[in-house]
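K.L.:
This is the content of work-v2.pdb (PDB, C-alpha atoms, pLDDT in the B column):
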MODEL        1
ATOM      1  CA  MET A  13       0.000   0.000   0.000  1.00 48.00           C
ATOM      2  CA  ARG A  14       1.346   3.409  -0.916  1.00 59.00           C
ATOM      3  CA  GLY A  15       1.706   6.025   1.816  1.00 66.00           C
ATOM      4  CA  THR A  16       3.401   9.276   2.630  1.00 66.00           C
ATOM      5  CA  VAL A  17       7.006   9.754   1.630  1.00 71.00           C
ATOM      6  CA  ALA A  18       9.053  12.011   3.895  1.00 76.00           C
ATOM      7  CA  GLY A  19      10.384  15.074   2.093  1.00 78.00           C
ATOM      8  CA  LEU A  20       8.509  14.396  -1.150  1.00 81.00           C
ATOM      9  CA  PRO A  21       7.720  17.764  -2.735  1.00 85.00           C
ATOM     10  CA  THR A  22       4.206  18.306  -3.988  1.00 86.00           C
ATOM     11  CA  PRO A  23       3.841  19.109  -7.677  1.00 84.00           C
ATOM     12  CA  HIS A  24       0.897  21.473  -6.966  1.00 85.00           C
ATOM     13  CA  PRO A  25       1.207  23.270  -3.578  1.00 90.00           C
ATOM     14  CA  LEU A  26      -2.244  24.028  -2.209  1.00 92.00           C
ATOM     15  CA  ILE A  27      -1.200  27.395  -0.757  1.00 90.00           C
ATOM     16  CA  TYR A  28      -0.828  28.778  -4.292  1.00 89.00           C
ATOM     17  CA  GLN A  29      -4.420  27.832  -5.094  1.00 90.00           C
ATOM     18  CA  LEU A  30      -5.713  30.391  -2.558  1.00 91.00           C
ATOM     19  CA  PRO A  31      -6.082  34.151  -2.964  1.00 91.00           C
ATOM     20  CA  ALA A  32      -2.947  36.149  -2.126  1.00 89.00           C
ATOM     21  CA  VAL A  33      -4.485  37.506   1.070  1.00 88.00           C
ATOM     22  CA  TYR A  34      -3.989  34.070   2.735  1.00 87.00           C
ATOM     23  CA  LEU A  35      -0.295  33.692   1.816  1.00 87.00           C
ATOM     24  CA  GLY A  36       0.853  35.479   4.976  1.00 87.00           C
ATOM     25  CA  GLU A  37      -1.271  33.399   7.384  1.00 90.00           C
ATOM     26  CA  ASP A  38       0.991  31.043   9.383  1.00 92.00           C
ATOM     27  CA  PHE A  39      -1.793  28.623  10.400  1.00 95.00           C
ATOM     28  CA  ILE A  40      -3.081  28.234   6.831  1.00 93.00           C
ATOM     29  CA  GLN A  41       0.447  27.664   5.507  1.00 92.00           C
ATOM     30  CA  ARG A  42       1.135  24.934   8.093  1.00 93.00           C
ATOM     31  CA  PHE A  43      -2.295  23.328   7.578  1.00 94.00           C
ATOM     32  CA  LEU A  44      -1.986  23.259   3.799  1.00 93.00           C
ATOM     33  CA  GLY A  45       1.653  22.111   4.097  1.00 90.00           C
ATOM     34  CA  ALA A  46       0.433  19.066   6.052  1.00 90.00           C
ATOM     35  CA  LEU A  47      -2.192  18.357   3.375  1.00 91.00           C
ATOM     36  CA  ASP A  48       0.491  18.718   0.689  1.00 90.00           C
ATOM     37  CA  ASP A  49       2.588  16.075   2.478  1.00 88.00           C
ATOM     38  CA  VAL A  50      -0.358  13.659   2.404  1.00 86.00           C
ATOM     39  CA  LEU A  51      -1.435  14.432  -1.163  1.00 88.00           C
ATOM     40  CA  ALA A  52       2.034  14.535  -2.791  1.00 88.00           C
ATOM     41  CA  PRO A  53       2.292  10.726  -3.332  1.00 84.00           C
ATOM     42  CA  VAL A  54      -1.256  10.626  -4.707  1.00 85.00           C
ATOM     43  CA  LEU A  55      -0.708  13.515  -7.112  1.00 87.00           C
ATOM     44  CA  LEU A  56       2.654  12.218  -8.294  1.00 85.00           C
ATOM     45  CA  THR A  57       1.196   8.750  -8.839  1.00 82.00           C
ATOM     46  CA  MET A  58      -1.680  10.186 -10.850  1.00 87.00           C
ATOM     47  CA  ASP A  59       0.715  12.356 -12.880  1.00 88.00           C
ATOM     48  CA  ASN A  60       2.759   9.231 -13.696  1.00 86.00           C
ATOM     49  CA  LEU A  61      -0.094   6.750 -14.020  1.00 89.00           C
ATOM     50  CA  PRO A  62       0.931   5.416 -17.459  1.00 93.00           C
ATOM     51  CA  ALA A  63       4.361   4.518 -16.056  1.00 92.00           C
ATOM     52  CA  HIS A  64       2.750   2.896 -13.002  1.00 87.00           C
ATOM     53  CA  LEU A  65       0.487   0.734 -15.194  1.00 89.00           C
ATOM     54  CA  ASP A  66       3.348  -0.556 -17.353  1.00 92.00           C
ATOM     55  CA  PRO A  67       4.991  -3.635 -15.761  1.00 91.00           C
ATOM     56  CA  ARG A  68       8.343  -2.593 -17.231  1.00 92.00           C
ATOM     57  CA  THR A  69       8.423   0.712 -15.306  1.00 92.00           C
ATOM     58  CA  ALA A  70       6.055   0.274 -12.352  1.00 90.00           C
ATOM     59  CA  PRO A  71       7.456   0.692  -8.825  1.00 86.00           C
ATOM     60  CA  GLU A  72       8.071  -2.609  -6.994  1.00 84.00           C
ATOM     61  CA  ASP A  73       5.081  -2.305  -4.640  1.00 81.00           C
ATOM     62  CA  PHE A  74       2.757  -1.363  -7.509  1.00 84.00           C
ATOM     63  CA  LEU A  75       4.115  -4.260  -9.564  1.00 87.00           C
ATOM     64  CA  ALA A  76       3.082  -6.690  -6.811  1.00 84.00           C
ATOM     65  CA  TRP A  77      -0.406  -5.177  -6.849  1.00 85.00           C
ATOM     66  CA  MET A  78      -0.595  -5.502 -10.650  1.00 88.00           C
ATOM     67  CA  GLY A  79       0.487  -9.130 -10.310  1.00 86.00           C
ATOM     68  CA  GLU A  80      -2.580  -9.767  -8.170  1.00 87.00           C
ATOM     69  CA  TRP A  81      -4.797  -8.112 -10.824  1.00 88.00           C
ATOM     70  CA  VAL A  82      -3.628 -10.566 -13.487  1.00 87.00           C
ATOM     71  CA  ALA A  83      -3.379 -13.576 -11.137  1.00 83.00           C
ATOM     72  CA  THR A  84       0.391 -13.899 -11.181  1.00 79.00           C
ATOM     73  CA  GLY A  85       0.833 -13.073  -7.491  1.00 64.00           C
ATOM     74  CA  PRO A  86       4.269 -12.016  -6.252  1.00 58.00           C
ATOM     75  CA  VAL A  87       6.739 -14.827  -5.715  1.00 64.00           C
ATOM     76  CA  ALA A  88       9.127 -14.207  -2.839  1.00 64.00           C
ATOM     77  CA  GLY A  89      12.750 -14.429  -3.841  1.00 72.00           C
ATOM     78  CA  GLN A  90      12.253 -13.914  -7.580  1.00 77.00           C
ATOM     79  CA  PRO A  91      14.387 -11.170  -9.131  1.00 82.00           C
ATOM     80  CA  ALA A  92      12.513  -8.006 -10.139  1.00 83.00           C
ATOM     81  CA  GLY A  93      13.073  -8.662 -13.842  1.00 85.00           C
ATOM     82  CA  GLN A  94      11.486 -12.095 -13.563  1.00 82.00           C
ATOM     83  CA  ARG A  95       8.448 -10.675 -11.706  1.00 85.00           C
ATOM     84  CA  ARG A  96       8.069  -7.952 -14.333  1.00 89.00           C
ATOM     85  CA  ALA A  97       8.190 -10.544 -17.138  1.00 86.00           C
ATOM     86  CA  ALA A  98       5.543 -12.637 -15.353  1.00 85.00           C
ATOM     87  CA  VAL A  99       3.126  -9.697 -15.128  1.00 89.00           C
ATOM     88  CA  LEU A 100       3.874  -8.541 -18.672  1.00 89.00           C
ATOM     89  CA  GLY A 101       3.191 -11.979 -20.175  1.00 86.00           C
ATOM     90  CA  ALA A 102       0.243 -12.933 -17.949  1.00 87.00           C
ATOM     91  CA  VAL A 103      -2.498 -12.537 -20.560  1.00 85.00           C
ATOM     92  CA  GLU A 104      -0.668 -14.701 -23.095  1.00 87.00           C
ATOM     93  CA  ARG A 105       0.073 -17.332 -20.436  1.00 86.00           C
ATOM     94  CA  HIS A 106      -3.567 -17.421 -19.330  1.00 88.00           C
ATOM     95  CA  ARG A 107      -4.555 -18.008 -22.959  1.00 90.00           C
ATOM     96  CA  ARG A 108      -2.212 -21.019 -23.112  1.00 90.00           C
ATOM     97  CA  ARG A 109      -3.016 -22.320 -19.626  1.00 89.00           C
ATOM     98  CA  GLY A 110      -3.814 -26.027 -19.545  1.00 86.00           C
ATOM     99  CA  THR A 111      -1.748 -26.778 -22.649  1.00 89.00           C
ATOM    100  CA  ARG A 112       1.632 -28.439 -22.867  1.00 90.00           C
ATOM    101  CA  GLY A 113       3.230 -25.167 -24.003  1.00 91.00           C
ATOM    102  CA  GLY A 114       1.576 -23.230 -21.182  1.00 91.00           C
ATOM    103  CA  LEU A 115       2.778 -25.751 -18.608  1.00 93.00           C
ATOM    104  CA  ALA A 116       6.328 -25.681 -20.008  1.00 94.00           C
ATOM    105  CA  GLU A 117       6.370 -21.878 -19.880  1.00 89.00           C
ATOM    106  CA  ALA A 118       5.038 -21.799 -16.304  1.00 88.00           C
ATOM    107  CA  VAL A 119       7.812 -24.175 -15.186  1.00 91.00           C
ATOM    108  CA  ARG A 120      10.424 -22.147 -17.092  1.00 88.00           C
ATOM    109  CA  LEU A 121       9.292 -18.925 -15.396  1.00 82.00           C
ATOM    110  CA  GLU A 122       9.133 -20.467 -11.921  1.00 83.00           C
ATOM    111  CA  PHE A 123      12.280 -22.625 -11.951  1.00 87.00           C
ATOM    112  CA  GLY A 124      14.359 -21.072 -14.751  1.00 85.00           C
ATOM    113  CA  THR A 125      14.772 -24.394 -16.554  1.00 90.00           C
ATOM    114  CA  GLU A 126      13.023 -26.521 -19.157  1.00 93.00           C
ATOM    115  CA  ALA A 127      10.639 -29.237 -17.993  1.00 94.00           C
ATOM    116  CA  GLU A 128      10.383 -32.746 -19.374  1.00 95.00           C
ATOM    117  CA  ILE A 129       6.669 -33.315 -20.003  1.00 95.00           C
ATOM    118  CA  GLU A 130       5.153 -36.702 -20.875  1.00 93.00           C
ATOM    119  CA  GLU A 131       1.482 -36.882 -21.836  1.00 88.00           C
ATOM    120  CA  SER A 132      -0.742 -39.930 -22.175  1.00 82.00           C
ATOM    121  CA  GLY A 133      -3.405 -38.345 -24.359  1.00 69.00           C
ATOM    122  CA  GLY A 134      -3.889 -35.718 -26.972  1.00 68.00           C
ATOM    123  CA  ALA A 135      -6.556 -33.732 -28.708  1.00 70.00           C
ATOM    124  CA  SER A 136      -8.672 -34.605 -31.711  1.00 73.00           C
ATOM    125  CA  TRP A 137     -11.648 -33.334 -33.592  1.00 77.00           C
ATOM    126  CA  SER A 138     -14.435 -35.274 -35.255  1.00 84.00           C
ATOM    127  CA  GLU A 139     -17.842 -34.618 -36.817  1.00 89.00           C
ATOM    128  CA  THR A 140     -19.004 -38.007 -35.532  1.00 89.00           C
ATOM    129  CA  ALA A 141     -20.386 -38.185 -32.009  1.00 89.00           C
ATOM    130  CA  HIS A 142     -18.723 -40.608 -29.560  1.00 85.00           C
ATOM    131  CA  SER A 143     -15.575 -40.887 -31.662  1.00 82.00           C
ATOM    132  CA  PRO A 144     -12.654 -42.616 -29.958  1.00 78.00           C
ATOM    133  CA  LEU A 145     -10.451 -40.425 -27.822  1.00 71.00           C
ATOM    134  CA  PRO A 146      -6.736 -40.112 -28.606  1.00 70.00           C
ATOM    135  CA  GLY A 147      -4.245 -42.225 -26.684  1.00 67.00           C
ATOM    136  CA  PRO A 148      -4.505 -45.815 -25.468  1.00 69.00           C
ATOM    137  CA  ALA A 149      -8.101 -47.015 -25.029  1.00 69.00           C
ATOM    138  CA  GLY A 150      -9.449 -47.023 -21.491  1.00 68.00           C
ATOM    139  CA  THR A 151      -6.728 -44.880 -19.973  1.00 73.00           C
ATOM    140  CA  ARG A 152      -7.359 -41.628 -18.207  1.00 79.00           C
ATOM    141  CA  PRO A 153      -5.344 -38.614 -19.299  1.00 82.00           C
ATOM    142  CA  ARG A 154      -2.181 -38.216 -17.234  1.00 88.00           C
ATOM    143  CA  VAL A 155       0.840 -35.950 -17.390  1.00 92.00           C
ATOM    144  CA  THR A 156       4.264 -36.422 -15.837  1.00 94.00           C
ATOM    145  CA  VAL A 157       6.406 -33.331 -15.300  1.00 95.00           C
ATOM    146  CA  ARG A 158      10.123 -33.727 -14.540  1.00 95.00           C
ATOM    147  CA  VAL A 159      12.262 -30.761 -13.631  1.00 94.00           C
ATOM    148  CA  ARG A 160      16.022 -31.029 -13.269  1.00 93.00           C
ATOM    149  CA  VAL A 161      17.662 -28.447 -11.009  1.00 89.00           C
ATOM    150  CA  ALA A 162      21.034 -28.071  -9.274  1.00 88.00           C
ATOM    151  CA  ASP A 163      19.548 -28.446  -5.760  1.00 87.00           C
ATOM    152  CA  PRO A 164      16.155 -30.217  -5.627  1.00 85.00           C
ATOM    153  CA  ASP A 165      15.805 -29.644  -1.868  1.00 84.00           C
ATOM    154  CA  ALA A 166      16.198 -25.888  -2.271  1.00 82.00           C
ATOM    155  CA  ALA A 167      13.849 -25.748  -5.288  1.00 77.00           C
ATOM    156  CA  GLY A 168      11.022 -27.419  -3.384  1.00 85.00           C
ATOM    157  CA  ALA A 169       9.031 -30.401  -4.646  1.00 89.00           C
ATOM    158  CA  GLU A 170       5.861 -28.971  -3.087  1.00 91.00           C
ATOM    159  CA  ARG A 171       6.363 -25.749  -5.047  1.00 90.00           C
ATOM    160  CA  LEU A 172       6.494 -27.782  -8.280  1.00 93.00           C
ATOM    161  CA  ARG A 173       3.438 -29.795  -7.292  1.00 94.00           C
ATOM    162  CA  ARG A 174       1.400 -26.621  -6.577  1.00 92.00           C
ATOM    163  CA  LEU A 175       2.511 -25.048  -9.846  1.00 91.00           C
ATOM    164  CA  VAL A 176       1.504 -28.082 -11.917  1.00 93.00           C
ATOM    165  CA  ALA A 177      -1.797 -28.465 -10.024  1.00 93.00           C
ATOM    166  CA  GLY A 178      -2.662 -24.867 -10.856  1.00 89.00           C
ATOM    167  CA  GLU A 179      -1.818 -25.257 -14.539  1.00 90.00           C
ATOM    168  CA  MET A 180      -3.460 -28.631 -15.297  1.00 89.00           C
ATOM    169  CA  PRO A 181      -7.094 -29.070 -16.343  1.00 86.00           C
ATOM    170  CA  ALA A 182      -9.135 -30.534 -13.478  1.00 85.00           C
ATOM    171  CA  HIS A 183      -9.814 -33.868 -15.222  1.00 84.00           C
ATOM    172  CA  VAL A 184      -6.151 -34.627 -15.962  1.00 87.00           C
ATOM    173  CA  GLY A 185      -4.063 -36.501 -13.411  1.00 90.00           C
ATOM    174  CA  TYR A 186      -0.427 -35.578 -12.967  1.00 93.00           C
ATOM    175  CA  ASP A 187       2.835 -36.675 -11.397  1.00 94.00           C
ATOM    176  CA  THR A 188       5.754 -34.394 -10.586  1.00 95.00           C
ATOM    177  CA  GLU A 189       9.413 -35.222 -10.152  1.00 93.00           C
ATOM    178  CA  LEU A 190      12.100 -32.804  -9.030  1.00 91.00           C
ATOM    179  CA  LEU A 191      15.489 -34.294  -9.902  1.00 91.00           C
ATOM    180  CA  ALA A 192      19.123 -33.278  -9.536  1.00 90.00           C
ATOM    181  CA  LEU A 193      20.945 -32.291 -12.732  1.00 84.00           C
ATOM    182  CA  GLU A 194      23.336 -35.236 -12.521  1.00 75.00           C
ATOM    183  CA  ASP A 195      20.362 -37.697 -12.556  1.00 57.00           C
ATOM    184  CA  ALA A 196      20.021 -37.158 -16.333  1.00 52.00           C
ATOM    185  CA  SER A 197      18.926 -40.327 -18.071  1.00 53.00           C
TER     186      SER A 197
ENDMDL
END
The structure in this file should be written as structure tokens.
P.N.:
Amino acid sequence: MRGTVAGLPTPHPLIYQLPAVYLGEDFIQRFLGALDDVLAPVLLTMDNLPAHLDPRTAPEDFLAWMGEWVATGPVAGQPAGQRRAAVLGAVERHRRRGTRGGLAEAVRLEFGTEAEIEESGGASWSETAHSPLPGPAGTRPRVTVRVRVADPDAAGAERLRRLVAGEMPAHVGYDTELLALEDAS
């Protein structure tokens, strides 16, 4: 939440909005000076609103707020550039959510590495009702996501599980594996 900033000059001092007869009044100058201190962050934010609404230039606290608007929530520990990229690309990622490409991008943004994704099904289209579904008959759709990182304990298997759960369609089962880089097979 934005608040007062000590020493921030106001772009539009209120005292100069009054008739000249009030300029010499000490009480009015102190009173309006206090109001200027409170209003300065608001006025400066409004004057710079286009810059505040652009993820590339928004202040850090405003960027976190924008992340909540587009459902990318701030991730503790991520560098500022990575958080800005997440907010900037949120609409495109939401469009691809639930797809293999969307899942791969979500893992890349969260862990900074490519995921190995195995799917059991696919997608098809048919004009005939009750056409067979893609993949082996009688199997439910399932996805396995493997991520190889330098330190699996530090990366957090639960973090990967939550990420995949949030990206997968509700009817698709999934497995997650967080592996060390040297476990390459």
K.L.:
Tell me which of A:Val99, A:Met78, A:Ala70, A:Ala192 sits closest to Arg160 of chain A, counting only C-alpha atoms.
P.N.:
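Checking each candidate against Arg160 of chain A, we get A:Ala192 as the closest.
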K.L.:
Have a look at A:Ala97, A:Ala46, A:Asn60, A:Arg107 and name the one nearest to Leu75 of chain A; count all atoms listed in the file.
P.N.:
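So, comparing all the options, the nearest one is A:Ala97.
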K.L.:
Kindly indicate which residue among A:Gly45, A:Gly93, A:Gly178, A:Pro67 lies nearest to His106 of chain A, using all atoms listed in the file for the distances.
P.N.:
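Answer, going by the shortest atom-to-atom distance: A:Gly178.
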K.L.:
Find the smallest box with edges along x, y and z containing every listed atom of segment 125-134 of chain A, then add 6 Å on each side and report centre and edge lengths in Å to one decimal, as JSON.
P.N.:
{"center_x": 5.4, "center_y": -32.2, "center_z": -21.8, "size_x": 30.7, "size_y": 27.5, "size_z": 22.4}
K.L.:
Using only C-alpha atoms, find the one residue out of A:Ile40, A:Val176, A:Leu145, A:Leu65 that sits nearest to Leu26 of chain A.
P.N.:
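Checking each of A:Ile40, A:Val176, A:Leu145, A:Leu65 against Leu26 of chain A, counting only C-alpha atoms, the winner is A:Ile40.
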K.L.:
Model the absent atoms of segment 166-183 of chain A so that N, CA, C and O atoms are present, and write the result as a CSV table (one decimal), keeping the file's coordinate frame.
P.N.:
chain,number,residue,atom,x,y,z
A,166,ALA,N,16.4,-27.3,-2.3
A,166,ALA,CA,16.2,-25.9,-2.3
A,166,ALA,C,15.1,-25.4,-3.2
A,166,ALA,O,14.3,-24.5,-2.9
A,167,ALA,N,14.9,-26.1,-4.3
A,167,ALA,CA,13.8,-25.7,-5.3
A,167,ALA,C,12.5,-26.0,-4.7
A,167,ALA,O,11.5,-25.3,-5.0
A,168,GLY,N,12.3,-27.1,-4.0
A,168,GLY,CA,11.0,-27.4,-3.4
A,168,GLY,C,10.1,-28.2,-4.2
A,168,GLY,O,9.5,-27.7,-5.2
A,169,ALA,N,9.9,-29.5,-3.9
A,169,ALA,CA,9.0,-30.4,-4.6
A,169,ALA,C,7.6,-30.0,-4.5
A,169,ALA,O,6.8,-30.1,-5.4
A,170,GLU,N,7.2,-29.4,-3.3
A,170,GLU,CA,5.9,-29.0,-3.1
A,170,GLU,C,5.6,-27.8,-4.0
A,170,GLU,O,4.4,-27.6,-4.5
A,171,ARG,N,6.5,-26.9,-4.2
A,171,ARG,CA,6.4,-25.7,-5.0
A,171,ARG,C,6.1,-26.2,-6.5
A,171,ARG,O,5.2,-25.7,-7.1
A,172,LEU,N,6.8,-27.2,-6.9
A,172,LEU,CA,6.5,-27.8,-8.3
A,172,LEU,C,5.1,-28.4,-8.3
A,172,LEU,O,4.4,-28.2,-9.3
A,173,ARG,N,4.7,-29.2,-7.3
A,173,ARG,CA,3.4,-29.8,-7.3
A,173,ARG,C,2.3,-28.8,-7.4
A,173,ARG,O,1.4,-28.9,-8.1
A,174,ARG,N,2.4,-27.7,-6.6
A,174,ARG,CA,1.4,-26.6,-6.6
A,174,ARG,C,1.3,-25.9,-7.9
A,174,ARG,O,0.2,-25.6,-8.4
A,175,LEU,N,2.5,-25.7,-8.5
A,175,LEU,CA,2.5,-25.0,-9.8
A,175,LEU,C,1.8,-25.9,-10.9
A,175,LEU,O,0.9,-25.4,-11.6
A,176,VAL,N,2.1,-27.2,-10.9
A,176,VAL,CA,1.5,-28.1,-11.9
A,176,VAL,C,0.0,-28.2,-11.6
A,176,VAL,O,-0.8,-28.2,-12.6
A,177,ALA,N,-0.4,-28.3,-10.4
A,177,ALA,CA,-1.8,-28.5,-10.0
A,177,ALA,C,-2.6,-27.2,-10.5
A,177,ALA,O,-3.7,-27.4,-11.0
A,178,GLY,N,-2.0,-26.1,-10.4
A,178,GLY,CA,-2.7,-24.9,-10.9
A,178,GLY,C,-2.7,-24.7,-12.4
A,178,GLY,O,-3.6,-24.0,-12.9
A,179,GLU,N,-1.9,-25.4,-13.1
A,179,GLU,CA,-1.8,-25.3,-14.5
A,179,GLU,C,-2.6,-26.3,-15.3
A,179,GLU,O,-3.0,-26.2,-16.4
A,180,MET,N,-2.8,-27.5,-14.6
A,180,MET,CA,-3.5,-28.6,-15.3
A,180,MET,C,-5.0,-28.5,-15.3
A,180,MET,O,-5.6,-28.0,-14.3
A,181,PRO,N,-5.6,-29.0,-16.4
A,181,PRO,CA,-7.1,-29.1,-16.3
A,181,PRO,C,-7.5,-30.0,-15.2
A,181,PRO,O,-6.8,-31.0,-14.9
A,182,ALA,N,-8.7,-29.8,-14.7
A,182,ALA,CA,-9.1,-30.5,-13.5
A,182,ALA,C,-9.3,-32.0,-13.7
A,182,ALA,O,-9.1,-32.8,-12.8
A,183,HIS,N,-9.6,-32.4,-14.9
A,183,HIS,CA,-9.8,-33.9,-15.2
A,183,HIS,C,-8.5,-34.6,-15.5
A,183,HIS,O,-8.6,-35.8,-15.7
